[in-house]
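A.B. asks: Input structure: structure_6.txt, which contains compact mmCIF, C-alpha atoms.
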```txt
# COMPACT_ATOMS: atom_id res chain seq x y z
CA MET M 1 -8.79 23.30 -14.96
CA THR M 2 -5.97 25.21 -16.59
CA GLY M 3 -4.82 26.74 -19.86
CA ALA M 4 -6.54 27.54 -23.15
CA GLY M 5 -8.71 25.22 -25.20
CA PRO M 6 -11.17 22.71 -23.76
CA GLN M 7 -11.71 22.72 -20.02
CA LEU M 8 -9.40 20.07 -18.64
CA ASP M 9 -9.04 18.46 -15.23
CA VAL M 10 -5.48 17.27 -14.58
CA ILE M 11 -4.41 14.79 -11.92
CA ASP M 12 -0.80 13.78 -11.31
CA LEU M 13 0.85 10.55 -10.20
CA ASP M 14 4.39 10.17 -8.86
CA ALA M 15 6.99 7.59 -9.91
CA ASP M 16 5.37 4.98 -7.65
CA GLY M 17 1.87 5.70 -8.91
CA HIS M 18 0.71 7.65 -5.85
CA LEU M 19 -1.77 10.46 -6.36
CA LEU M 20 -0.19 13.90 -5.89
CA ARG M 21 -1.68 17.10 -4.59
CA PRO M 22 -1.85 20.06 -7.02
CA GLY M 23 1.57 21.43 -7.84
CA GLY M 24 3.25 18.24 -6.62
CA ARG M 25 2.78 19.29 -2.98
CA GLY M 26 3.06 15.80 -1.52
CA ARG M 27 1.13 12.57 -1.85
CA VAL M 28 -2.56 12.17 -1.15
CA THR M 29 -3.03 9.59 1.60
CA ALA M 30 -5.17 6.55 0.85
CA ASP M 31 -7.91 7.78 3.20
CA ASP M 32 -8.03 11.17 1.46
CA VAL M 33 -8.20 9.87 -2.14
CA PRO M 34 -12.04 9.90 -2.41
CA GLU M 35 -12.33 13.47 -1.09
CA HIS M 36 -9.44 14.63 -3.28
CA LEU M 37 -11.05 13.18 -6.41
CA GLU M 38 -14.36 14.79 -5.48
CA GLN M 39 -12.67 18.19 -5.21
CA ARG M 40 -10.52 17.83 -8.32
CA LEU M 41 -12.92 16.14 -10.71
CA GLY M 42 -16.39 17.30 -9.65
CA LEU M 43 -18.62 15.62 -12.25
CA ARG M 44 -21.04 18.20 -13.64
CA GLU M 45 -24.70 17.29 -13.79
CA ASP M 46 -25.10 18.37 -17.42
CA THR M 47 -22.08 16.39 -18.68
CA THR M 48 -22.95 13.92 -21.44
CA ASP M 49 -19.56 12.24 -21.93
CA ILE M 50 -16.51 11.76 -19.69
CA PHE M 51 -13.11 11.27 -21.34
CA LEU M 52 -10.13 9.98 -19.35
CA TYR M 53 -6.72 10.20 -21.06
CA VAL M 54 -3.40 8.69 -19.93
CA HIS M 55 -0.32 9.66 -21.97
CA GLY M 56 2.66 7.56 -22.99
CA TRP M 57 6.41 7.32 -22.66
CA ARG M 58 8.88 10.26 -22.85
CA THR M 59 6.21 12.90 -22.31
CA SER M 60 6.81 15.88 -20.03
CA ALA M 61 4.03 17.17 -17.80
CA GLU M 62 3.63 20.24 -20.01
CA ARG M 63 3.50 18.23 -23.21
CA ALA M 64 1.06 15.72 -21.68
CA GLU M 65 -1.39 18.51 -20.92
CA ALA M 66 -0.86 20.09 -24.35
CA ASP M 67 -1.40 16.74 -26.09
CA ALA M 68 -4.58 16.14 -24.09
CA ARG M 69 -5.92 19.58 -25.02
CA ARG M 70 -5.16 18.99 -28.69
CA LEU M 71 -6.83 15.57 -28.65
CA PHE M 72 -9.93 16.84 -26.90
CA SER M 73 -10.08 19.92 -29.15
CA LEU M 74 -10.30 17.53 -32.09
CA VAL M 75 -13.07 15.60 -30.34
CA GLU M 76 -15.05 18.80 -29.90
CA SER M 77 -14.36 19.97 -33.45
CA VAL M 78 -15.75 16.75 -34.94
CA TRP M 79 -19.05 17.41 -33.19
CA ASP M 80 -19.03 21.12 -34.06
CA GLU M 81 -18.24 20.55 -37.74
CA GLN M 82 -20.33 17.44 -38.39
CA PRO M 83 -23.46 17.60 -36.21
CA ARG M 84 -25.52 15.95 -38.95
CA ALA M 85 -23.38 12.84 -38.58
CA TYR M 86 -24.85 12.38 -35.10
CA PRO M 87 -28.59 13.01 -35.55
CA ARG M 88 -29.55 11.14 -32.38
CA ILE M 89 -27.31 13.22 -30.12
CA GLU M 90 -29.26 16.20 -28.82
CA GLY M 91 -26.26 17.79 -27.12
CA PHE M 92 -22.58 17.08 -26.53
CA ARG M 93 -21.22 18.46 -23.24
CA PRO M 94 -17.98 16.59 -22.53
CA GLN M 95 -15.80 16.60 -19.45
CA PHE M 96 -12.11 15.92 -20.03
CA VAL M 97 -9.55 14.47 -17.60
CA CYS M 98 -5.81 13.99 -18.16
CA VAL M 99 -3.76 11.69 -15.93
CA ARG M 100 -0.06 12.60 -15.90
CA TRP M 101 2.77 10.38 -14.74
CA PRO M 102 6.54 11.08 -14.78
CA SER M 103 7.35 9.34 -18.05
CA ALA M 104 10.03 11.94 -18.85
CA ASP M 105 11.55 11.87 -15.36
CA ILE M 106 15.36 11.78 -15.60
CA ARG M 107 15.33 8.97 -13.06
CA LEU M 108 13.49 6.72 -15.50
CA PRO M 109 15.48 4.68 -18.05
CA LEU M 110 15.47 5.44 -21.77
CA ASP M 111 15.83 1.82 -22.85
CA TYR M 112 12.49 0.33 -23.95
CA ARG M 113 12.82 -2.91 -21.99
CA ARG M 114 13.78 -1.09 -18.82
CA ILE M 115 10.93 1.42 -19.11
CA ARG M 116 8.61 -1.50 -19.79
CA ASP M 117 9.76 -3.15 -16.57
CA ARG M 118 9.50 0.16 -14.72
CA THR M 119 5.91 0.77 -15.75
CA ALA M 120 5.08 -2.86 -14.99
CA SER M 121 6.42 -2.29 -11.48
CA MET M 122 4.32 0.88 -11.11
CA SER M 123 1.29 -1.15 -12.14
CA LEU M 124 1.89 -4.42 -10.32
CA ASP M 125 3.71 -3.23 -7.19
CA GLY M 126 2.80 0.46 -7.16
CA GLN M 127 -0.43 2.39 -6.77
CA VAL M 128 -1.41 3.02 -10.40
CA PRO M 129 -4.22 0.42 -10.58
CA ARG M 130 -5.69 1.49 -7.24
CA ILE M 131 -5.70 5.18 -8.15
CA LEU M 132 -7.07 4.72 -11.68
CA GLY M 133 -9.61 2.25 -10.33
CA ALA M 134 -10.70 4.91 -7.83
CA VAL M 135 -10.94 7.55 -10.58
CA LEU M 136 -13.10 5.28 -12.73
CA GLY M 137 -15.11 4.30 -9.67
CA TYR M 138 -15.69 7.95 -8.76
CA PHE M 139 -17.13 8.75 -12.16
CA ASN M 140 -19.24 5.62 -12.21
CA GLU M 141 -20.65 6.30 -8.75
CA HIS M 142 -21.58 9.90 -9.56
CA ARG M 143 -22.77 9.62 -13.15
CA GLU M 144 -26.14 8.69 -14.57
CA VAL M 145 -25.41 5.21 -15.91
CA PRO M 146 -26.79 4.86 -19.47
CA GLU M 147 -29.99 2.88 -19.70
CA PRO M 148 -30.09 -0.27 -21.83
CA GLY M 149 -31.09 0.57 -25.37
CA PRO M 150 -30.08 0.08 -29.01
CA ASP M 151 -26.55 -1.12 -29.68
CA VAL M 152 -25.31 2.41 -30.34
CA LEU M 153 -23.96 4.84 -27.78
CA ALA M 154 -26.32 7.59 -28.94
CA GLY M 155 -29.41 5.49 -28.36
CA ALA M 156 -29.67 5.54 -24.57
CA TYR M 157 -29.85 8.19 -21.88
CA GLY M 158 -26.93 8.66 -19.50
CA GLN M 159 -23.39 9.92 -19.05
CA TYR M 160 -20.91 7.91 -21.09
CA LEU M 161 -17.45 7.02 -19.83
CA HIS M 162 -14.60 6.79 -22.37
CA CYS M 163 -10.95 5.89 -21.73
CA VAL M 164 -8.07 6.77 -24.04
CA GLY M 165 -4.49 5.59 -23.59
CA HIS M 166 -1.27 6.06 -25.52
CA SER M 167 1.75 3.75 -25.38
CA PHE M 168 2.46 2.79 -21.75
CA GLY M 169 -0.54 4.84 -20.67
CA SER M 170 -2.60 2.07 -22.27
CA ARG M 171 -1.05 -0.41 -19.85
CA PHE M 172 -1.92 1.78 -16.90
CA LEU M 173 -5.53 2.05 -18.04
CA LEU M 174 -5.88 -1.70 -18.47
CA HIS M 175 -4.42 -2.34 -15.02
CA GLY M 176 -6.86 0.19 -13.58
CA ILE M 177 -9.79 -1.57 -15.23
CA LEU M 178 -8.58 -4.96 -13.96
CA GLU M 179 -8.23 -3.53 -10.46
CA ALA M 180 -11.75 -2.11 -10.57
CA THR M 181 -13.07 -5.45 -11.79
CA ASP M 182 -11.23 -7.37 -9.09
CA ARG M 183 -12.54 -5.05 -6.38
CA LEU M 184 -16.07 -5.61 -7.61
CA ALA M 185 -15.56 -9.37 -7.39
CA ARG M 186 -14.38 -8.93 -3.79
CA GLY M 187 -17.25 -6.61 -2.93
CA GLY M 188 -14.93 -3.66 -2.36
CA PRO M 189 -15.56 0.08 -2.81
CA ASP M 190 -14.54 2.42 -5.64
CA THR M 191 -15.47 -0.08 -8.32
CA LEU M 192 -17.23 0.15 -11.64
CA ALA M 193 -20.70 -1.28 -11.11
CA TRP M 194 -22.65 -3.00 -13.86
CA ASP M 195 -26.42 -2.92 -13.45
CA TRP M 196 -27.34 -5.04 -16.44
CA GLY M 197 -26.79 -8.42 -14.81
CA ASP M 198 -24.22 -9.86 -17.21
CA SER M 199 -21.41 -11.54 -15.28
CA ALA M 200 -19.17 -11.38 -18.36
CA TYR M 201 -19.00 -7.58 -18.03
CA PRO M 202 -18.63 -6.60 -14.35
CA TRP M 203 -17.75 -2.96 -15.05
CA THR M 204 -19.27 -0.21 -17.15
CA LEU M 205 -16.96 1.41 -19.66
CA ASP M 206 -18.57 2.71 -22.82
CA SER M 207 -15.45 2.86 -24.97
CA LEU M 208 -11.74 2.12 -24.72
CA THR M 209 -9.28 3.50 -27.30
CA LEU M 210 -5.59 2.56 -27.18
CA PHE M 211 -3.08 4.30 -29.45
CA GLN M 212 0.13 2.36 -30.14
CA ALA M 213 -0.45 0.37 -26.99
CA ALA M 214 2.76 -0.93 -25.39
CA LEU M 215 1.43 -4.49 -25.32
CA PRO M 216 2.70 -7.83 -26.64
CA ALA M 217 1.36 -8.84 -30.05
CA ASP M 218 -0.59 -11.69 -28.45
CA ALA M 219 -1.94 -9.64 -25.53
CA PHE M 220 -5.56 -10.41 -26.41
CA ALA M 221 -4.98 -14.00 -27.47
CA ARG M 222 -5.05 -15.40 -23.94
CA GLU M 223 -6.75 -14.63 -20.64
CA PRO M 224 -6.76 -12.26 -18.87
CA TYR M 225 -7.36 -10.08 -21.90
```
Take the structure in this file and express it as structure tokens.
C.D. replies:
Amino acid sequence: MTGAGPQLDVIDLDADGHLLRPGGRGRVTADDVPEHLEQRLGLREDTTDIFLYVHGWRTSAERAEADARRLFSLVESVWDEQPRAYPRIEGFRPQFVCVRWPSADIRLPLDYRRIRDRTASMSLDGQVPRILGAVLGYFNEHREVPEPGPDVLAGAYGQYLHCVGHSFGSRFLLHGILEATDRLARGGPDTLAWDWGDSAYPWTLDSLTLFQAALPADAFAREPY
């Protein structure tokens, strides 16, 4: 956790989607990913909501962290300034995570189509889905999964998991969710488990917000969505 503003956990990926050690001191090996996430993320017992943010294109590491802090500051301010709007929430103790990737790396192209293909390669051939799937799986394994209740997030007990993506970060998040879902289907580890017995929803994610998602206009018109 670094800097001013909300407490923020930051994890970094390299140009191939591999998880990096703090300060960019080399890649985390596949076997060490679970332990690394445990050390870096450490879900607090009193946390009520977990927010995972992945930034978009042409964003430096410094700006990505600053943008995440600004976004999460606004989230906190809404609760602080309008508590009466959420009468069923007894307390709001969020935990914020920012995933950074080298979208402003000079080695990456500036042309939209080329950056689209580059991020697709990081998702389809690289490690982005596996790492994000592991991050989501870590939180799901360690949190208190909300109990079934009214159709409002404030109506059930548990720790809620929210994902926020901007631009190409939205693509990375969706690939991570698909990876987690696929692992669950194959009985693998580090997946998002769903205890409510509905095969249509094999993973537990309480909200997904995508800002200016770098997706085709018909992305949700055909399977897989």
A.B. asks: Point out the residue among M:Gly24, M:Pro87, M:Pro129, M:Pro94 with the least atom-to-atom distance to Phe72 (chain M), counting all atoms listed in the file.
C.D. replies: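 Of the candidates, the smallest distance to Phe72 (chain M) is held by M:Pro94.
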A.B. asks: What is the distance, in Å and to one decimal place, between CA of Pro6 (chain M) and CA of Pro102 (chain M)?
C.D. replies: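 Pair CA of Pro6 (chain M) / CA of Pro102 (chain M) returns 23.0 Å.
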A.B. asks: What are the centre and edge lengths in Å, to one decimal, of the axis-aligned box around all listed atoms of region 114-121 of chain M with 5 Å added on each side, as AutoDock Vina command-line options?
C.D. replies:
```
--center_x 9.4 --center_y -0.9 --center_z -15.6 --size_x 18.7 --size_y 14.6 --size_z 18.3
```
A.B. asks: Any idea what the distance is between CA of Ala15 (chain M) and CA of Ile177 (chain M)?
C.D. replies: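 We find that CA of Ala15 (chain M) and CA of Ile177 (chain M) lie 19.8 Å from each other.
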A.B. asks: For Glu90 (chain M), which residue out of M:Leu37, M:Leu43, M:Asp125, M:Thr48 is the nearest one, using only C-alpha atoms?
C.D. replies: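 Of the candidates, the smallest distance to Glu90 (chain M) is held by M:Thr48.
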A.B. asks: Using only C-alpha atoms, which residue out of M:Phe220, M:Phe96, M:Trp101, M:Phe139 lies closest to His55 (chain M)?
C.D. replies: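 When distances to His55 (chain M) are compared using only C-alpha atoms, the smallest one comes from M:Trp101.
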A.B. asks: Can you complete the atoms of region 79-92 of chain M to N, CA and C atoms and list them as a PDB file, in the coordinates of the input?
C.D. replies:
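Dumped everything to rebuild.pdb:
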```pdb
ATOM      1  N   TRP M  79     -17.634  17.158 -33.484  1.00  0.00           N
ATOM      2  CA  TRP M  79     -19.050  17.410 -33.190  1.00  0.00           C
ATOM      3  C   TRP M  79     -19.496  18.752 -33.766  1.00  0.00           C
ATOM      4  N   ASP M  80     -18.667  19.786 -33.591  1.00  0.00           N
ATOM      5  CA  ASP M  80     -19.030  21.120 -34.060  1.00  0.00           C
ATOM      6  C   ASP M  80     -19.165  21.180 -35.584  1.00  0.00           C
ATOM      7  N   GLU M  81     -18.279  20.462 -36.285  1.00  0.00           N
ATOM      8  CA  GLU M  81     -18.240  20.550 -37.740  1.00  0.00           C
ATOM      9  C   GLU M  81     -19.145  19.551 -38.441  1.00  0.00           C
ATOM     10  N   GLN M  82     -19.524  18.475 -37.738  1.00  0.00           N
ATOM     11  CA  GLN M  82     -20.330  17.440 -38.390  1.00  0.00           C
ATOM     12  C   GLN M  82     -21.534  17.033 -37.535  1.00  0.00           C
ATOM     13  N   PRO M  83     -22.324  17.972 -37.070  1.00  0.00           N
ATOM     14  CA  PRO M  83     -23.460  17.600 -36.210  1.00  0.00           C
ATOM     15  C   PRO M  83     -24.460  16.686 -36.901  1.00  0.00           C
ATOM     16  N   ARG M  84     -24.567  16.794 -38.235  1.00  0.00           N
ATOM     17  CA  ARG M  84     -25.520  15.950 -38.950  1.00  0.00           C
ATOM     18  C   ARG M  84     -25.116  14.485 -38.941  1.00  0.00           C
ATOM     19  N   ALA M  85     -23.841  14.225 -38.647  1.00  0.00           N
ATOM     20  CA  ALA M  85     -23.380  12.840 -38.580  1.00  0.00           C
ATOM     21  C   ALA M  85     -23.868  12.143 -37.313  1.00  0.00           C
ATOM     22  N   TYR M  86     -24.388  12.938 -36.376  1.00  0.00           N
ATOM     23  CA  TYR M  86     -24.850  12.380 -35.100  1.00  0.00           C
ATOM     24  C   TYR M  86     -26.271  12.864 -34.822  1.00  0.00           C
ATOM     25  N   PRO M  87     -27.227  12.473 -35.655  1.00  0.00           N
ATOM     26  CA  PRO M  87     -28.590  13.010 -35.550  1.00  0.00           C
ATOM     27  C   PRO M  87     -29.300  12.636 -34.255  1.00  0.00           C
ATOM     28  N   ARG M  88     -28.858  11.584 -33.587  1.00  0.00           N
ATOM     29  CA  ARG M  88     -29.550  11.140 -32.380  1.00  0.00           C
ATOM     30  C   ARG M  88     -28.965  11.757 -31.115  1.00  0.00           C
ATOM     31  N   ILE M  89     -27.903  12.542 -31.273  1.00  0.00           N
ATOM     32  CA  ILE M  89     -27.310  13.220 -30.120  1.00  0.00           C
ATOM     33  C   ILE M  89     -27.890  14.625 -30.036  1.00  0.00           C
ATOM     34  N   GLU M  90     -28.612  14.902 -28.967  1.00  0.00           N
ATOM     35  CA  GLU M  90     -29.260  16.200 -28.820  1.00  0.00           C
ATOM     36  C   GLU M  90     -28.305  17.266 -28.291  1.00  0.00           C
ATOM     37  N   GLY M  91     -27.240  16.847 -27.642  1.00  0.00           N
ATOM     38  CA  GLY M  91     -26.260  17.790 -27.120  1.00  0.00           C
ATOM     39  C   GLY M  91     -25.004  17.051 -26.718  1.00  0.00           C
ATOM     40  N   PHE M  92     -23.866  17.701 -26.877  1.00  0.00           N
ATOM     41  CA  PHE M  92     -22.580  17.080 -26.530  1.00  0.00           C
ATOM     42  C   PHE M  92     -21.870  18.022 -25.562  1.00  0.00           C
TER      43      PHE M  92
END
```
